[in-house]
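> So here's data.txt, just compact mmCIF, C-alpha atoms and all ligand atoms:
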```txt
# COMPACT_ATOMS: atom_id res chain seq x y z
CA MET A 1 -117.21 -19.58 -10.91
CA ALA A 2 -118.29 -17.62 -13.94
CA TRP A 3 -119.71 -19.77 -16.68
CA ARG A 4 -121.40 -19.51 -20.04
CA VAL A 5 -122.97 -21.80 -22.59
CA ALA A 6 -121.08 -22.76 -25.75
CA LYS A 7 -122.12 -20.51 -28.65
CA SER A 8 -122.79 -23.44 -30.96
CA LEU A 9 -125.45 -24.68 -28.54
CA ILE A 10 -127.02 -21.23 -28.23
CA ARG A 11 -127.19 -21.18 -32.02
CA LEU A 12 -128.87 -24.59 -32.08
CA ARG A 13 -131.45 -23.50 -29.51
CA GLU A 14 -132.18 -20.33 -31.48
CA GLN A 15 -132.75 -22.35 -34.64
CA ILE A 16 -135.07 -24.75 -32.84
CA ASN A 17 -136.96 -21.86 -31.21
CA GLU A 18 -137.48 -20.35 -34.66
CA MET A 19 -138.82 -23.65 -35.98
CA ALA A 20 -141.04 -24.24 -32.96
CA PRO A 21 -141.72 -20.91 -31.21
CA ASP A 22 -144.40 -22.38 -28.91
CA ARG A 23 -142.41 -25.44 -27.87
CA SER A 24 -142.26 -26.57 -24.25
CA LYS A 25 -138.98 -25.95 -22.47
CA ALA A 26 -139.90 -28.07 -19.46
CA SER A 27 -137.00 -30.46 -19.91
CA ASP A 28 -134.50 -28.00 -21.43
CA GLY A 29 -131.19 -27.53 -19.67
CA THR A 30 -127.65 -26.27 -19.98
CA ILE A 31 -125.67 -26.04 -16.75
CA GLY A 32 -125.84 -29.08 -14.51
CA ASP A 33 -128.50 -29.29 -11.87
CA ALA A 34 -127.77 -31.00 -8.57
CA ALA A 35 -128.15 -34.43 -10.15
CA HIS A 36 -125.83 -33.60 -13.02
CA ALA A 37 -123.26 -31.92 -10.78
CA SER A 38 -122.81 -35.07 -8.75
CA ARG A 39 -121.28 -36.91 -11.68
CA SER A 40 -119.13 -36.28 -14.67
CA SER A 41 -121.17 -34.40 -17.24
CA ASP A 42 -120.67 -31.90 -20.03
CA HIS A 43 -123.41 -29.90 -18.30
CA ASN A 44 -120.73 -28.95 -15.80
CA PRO A 45 -118.61 -26.04 -17.06
CA TRP A 46 -115.39 -28.05 -16.99
CA VAL A 47 -114.17 -26.71 -20.33
CA LYS A 48 -112.20 -23.51 -19.68
CA ASP A 49 -112.11 -20.43 -21.92
CA GLY A 50 -109.66 -18.24 -20.02
CA ASN A 51 -111.15 -18.13 -16.52
CA ILE A 52 -114.71 -18.76 -17.71
CA GLY A 53 -116.23 -22.22 -17.52
CA VAL A 54 -118.02 -23.33 -20.68
CA VAL A 55 -121.02 -25.65 -20.64
CA THR A 56 -120.72 -27.88 -23.70
CA ALA A 57 -124.00 -29.77 -23.42
CA MET A 58 -127.63 -28.89 -23.92
CA ASP A 59 -130.94 -30.66 -23.40
CA ILE A 60 -133.87 -29.88 -25.69
CA THR A 61 -137.39 -30.90 -24.70
CA ASN A 62 -139.31 -33.25 -26.96
CA ASP A 63 -142.60 -31.52 -27.85
CA ILE A 64 -143.96 -32.97 -31.05
CA VAL A 65 -147.33 -31.22 -30.72
CA HIS A 66 -145.60 -27.84 -30.86
CA GLY A 67 -143.23 -28.72 -33.68
CA CYS A 68 -140.17 -29.82 -31.72
CA ASP A 69 -139.81 -33.47 -32.69
CA ALA A 70 -136.70 -34.73 -30.91
CA GLN A 71 -136.49 -37.85 -33.06
CA ALA A 72 -136.52 -35.78 -36.25
CA LEU A 73 -133.97 -33.32 -34.86
CA VAL A 74 -131.66 -36.08 -33.70
CA ASP A 75 -131.97 -37.86 -37.05
CA ALA A 76 -131.05 -34.63 -38.85
CA LEU A 77 -128.07 -33.98 -36.56
CA VAL A 78 -126.78 -37.52 -37.03
CA ALA A 79 -127.28 -37.36 -40.80
CA SER A 80 -125.36 -34.07 -40.92
CA ARG A 81 -122.25 -35.62 -39.30
CA ASP A 82 -121.61 -32.12 -37.97
CA PRO A 83 -118.00 -32.14 -36.69
CA ARG A 84 -119.05 -30.17 -33.60
CA ILE A 85 -121.04 -33.13 -32.29
CA LYS A 86 -119.39 -35.12 -29.50
CA TYR A 87 -122.34 -37.33 -28.63
CA ILE A 88 -126.13 -37.41 -28.54
CA ILE A 89 -128.38 -39.26 -26.11
CA TRP A 90 -132.03 -39.82 -26.96
CA ASN A 91 -134.66 -42.36 -26.05
CA ARG A 92 -132.41 -44.91 -24.32
CA LYS A 93 -129.80 -44.71 -27.08
CA LYS A 94 -126.46 -42.96 -27.38
CA ILE A 95 -124.43 -42.12 -30.46
CA ASN A 96 -120.86 -40.81 -30.43
CA SER A 97 -118.96 -39.18 -33.27
CA ARG A 98 -115.57 -40.66 -32.38
CA PHE A 99 -116.07 -43.69 -30.15
CA GLN A 100 -117.69 -46.39 -32.31
CA PRO A 101 -118.47 -43.47 -34.64
CA TRP A 102 -122.11 -42.88 -35.54
CA VAL A 103 -123.31 -46.26 -34.30
CA TRP A 104 -126.37 -46.19 -32.02
CA ARG A 105 -125.74 -48.02 -28.76
CA ASN A 106 -127.99 -48.71 -25.79
CA TYR A 107 -127.91 -46.09 -23.07
CA THR A 108 -128.62 -47.38 -19.60
CA GLY A 109 -128.14 -44.24 -17.52
CA VAL A 110 -130.57 -43.33 -14.75
CA ASN A 111 -132.35 -40.81 -16.96
CA PRO A 112 -133.64 -42.62 -20.08
CA HIS A 113 -133.72 -39.33 -22.06
CA THR A 114 -137.26 -39.81 -23.29
CA LYS A 115 -138.40 -36.27 -22.46
CA HIS A 116 -135.45 -34.49 -24.00
CA PHE A 117 -132.45 -35.19 -26.16
CA HIS A 118 -128.94 -34.39 -25.03
CA LEU A 119 -126.25 -32.96 -27.28
CA SER A 120 -122.62 -32.57 -26.23
CA VAL A 121 -120.22 -30.65 -28.44
CA GLN A 122 -116.45 -31.11 -28.76
CA PRO A 123 -114.35 -29.40 -26.09
CA ASP A 124 -112.20 -27.29 -28.45
CA LYS A 125 -113.19 -23.65 -28.84
CA ALA A 126 -113.25 -23.75 -32.65
CA SER A 127 -115.98 -26.37 -32.36
CA TYR A 128 -117.99 -25.35 -29.32
CA ASP A 129 -118.13 -21.66 -30.22
CA SER A 130 -118.80 -22.11 -33.92
CA THR A 131 -122.07 -20.43 -34.86
CA VAL A 132 -122.35 -22.05 -38.28
CA PRO A 133 -126.03 -22.94 -38.72
CA TRP A 134 -126.90 -26.52 -37.81
CA GLN A 135 -128.47 -28.68 -40.51
CA LEU A 136 -131.84 -29.50 -39.00
ZN ZN B 1 -128.17 -33.56 -20.86
```
Please go through the file and, once you have read it, give me the structure as structure tokens.


Amino acid sequence: MAWRVAKSLIRLREQINEMAPDRSKASDGTIGDAAHASRSSDHNPWVKDGNIGVVTAMDITNDIVHGCDAQALVDALVASRDPRIKYIIWNRKKINSRFQPWVWRNYTGVNPHTKHFHLSVQPDKASYDSTVPWQL
């Protein structure tokens, strides 16, 4: 099936690449790998835009040495309360914009998310394809 990445997430990655052009992308990801595909995940293109599947999640590698500080980025995203945010997972914690809104909770998934942070955006097109700059 044809798929693409949500434009808001492309925008975020562009902004981060501008801030940290030499950053590692070792743990970056958009569409689900085999592990992701085996379970429910926004990395699967389950959101439909016509007959195209849209991936509404992105992983960004933590690489402090090269200017990509996941903790700082996550803190900025949370502080922004950007309405496009569905949830963020980082460093064994998860924060959701609607379920227990903006309260950090423990995340006990198999992947502790210590090498990258995960951002999911809302499944409506106005949100996921918005290219308004993120407040980082
Ligand atoms: Zn992820």

> Return as a ChimeraX atom specification the residues of protein, DNA or RNA that approach ligand ZN 1 (chain B) to within 12 Å, with all atoms listed in the file taken into account.

/A:27-33,35-37,39-44,55-61,87-90,94,109-121

> Identify which of the residues A:Asn96, A:Ser80, A:Gln122, A:Asn51 lies closest to Met1 in chain A, counting all atoms listed in the file when measuring atom-to-atom distances.

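Among A:Asn96, A:Ser80, A:Gln122, A:Asn51, it is A:Asn51 that comes nearest to Met1 in chain A.
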
> Between CA of Glu18 in chain A and CA of Val74 in chain A, what is the distance in Å, rounded to a tenth?

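Distance between the two atoms: 16.8 Å.
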
> Using only C-alpha atoms, which protein or nucleic acid residues come within 10 Å of Lys125 in chain A? Drop anything in the same chain fewer than 2 positions from it, and give the result as a list in words.

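Residues meeting the cut-off are Ala6, Lys7, Ser8, Val47, Lys48, Asp49, Val54, Arg84, Val121, Gln122, Pro123, Ser127, Tyr128, Asp129 and Ser130 of chain A.
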
> Which residues are close to Ala20 in chain A, i.e. within 10 Å by only C-alpha atoms, leaving aside same-chain residues fewer than 2 positions away? Reply as a list in words.

Glu14, Gln15, Ile16, Asn17, Glu18, Asp22, Arg23, Ser24, Asp63, Ile64, Val65, His66, Gly67, Cys68 and Asp69 of chain A

> Can those selected residues be exported to a file as a PDB file, in the coordinates of the input so that it contains C-alpha atoms?


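Output (part36.pdb):
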```
ATOM      1  CA  GLU A  14    -132.180 -20.330 -31.480  1.00  0.00           C
ATOM      2  CA  GLN A  15    -132.750 -22.350 -34.640  1.00  0.00           C
ATOM      3  CA  ILE A  16    -135.070 -24.750 -32.840  1.00  0.00           C
ATOM      4  CA  ASN A  17    -136.960 -21.860 -31.210  1.00  0.00           C
ATOM      5  CA  GLU A  18    -137.480 -20.350 -34.660  1.00  0.00           C
ATOM      6  CA  ASP A  22    -144.400 -22.380 -28.910  1.00  0.00           C
ATOM      7  CA  ARG A  23    -142.410 -25.440 -27.870  1.00  0.00           C
ATOM      8  CA  SER A  24    -142.260 -26.570 -24.250  1.00  0.00           C
ATOM      9  CA  ASP A  63    -142.600 -31.520 -27.850  1.00  0.00           C
ATOM     10  CA  ILE A  64    -143.960 -32.970 -31.050  1.00  0.00           C
ATOM     11  CA  VAL A  65    -147.330 -31.220 -30.720  1.00  0.00           C
ATOM     12  CA  HIS A  66    -145.600 -27.840 -30.860  1.00  0.00           C
ATOM     13  CA  GLY A  67    -143.230 -28.720 -33.680  1.00  0.00           C
ATOM     14  CA  CYS A  68    -140.170 -29.820 -31.720  1.00  0.00           C
ATOM     15  CA  ASP A  69    -139.810 -33.470 -32.690  1.00  0.00           C
TER      16      ASP A  69
END
```

> To one decimal place in Å, what is the distance between CA of Arg98 in chain A and CA of Asp124 in chain A?

14.3 Å

> Quick check, in Å to one decimal: how far apart do CA of Ile95 in chain A and CA of Leu12 in chain A lie?

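Computed distance, CA of Ile95 in chain A to CA of Leu12 in chain A, equals 18.2 Å.
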
> Which is closer to Arg92 in chain A than all the others in A:Gly53, A:Asn106, A:Trp134, A:Arg4, using all atoms listed in the file?

A:Asn106

> If I wrap all listed atoms of range 114-132 of chain A in a box with edges along x, y and z and add 6 Å on each side, what are its centre and edge lengths in Å to one decimal, as JSON?


```
{"center_x": -125.3, "center_y": -30.1, "center_z": -30.4, "size_x": 38.2, "size_y": 31.4, "size_z": 27.8}
```
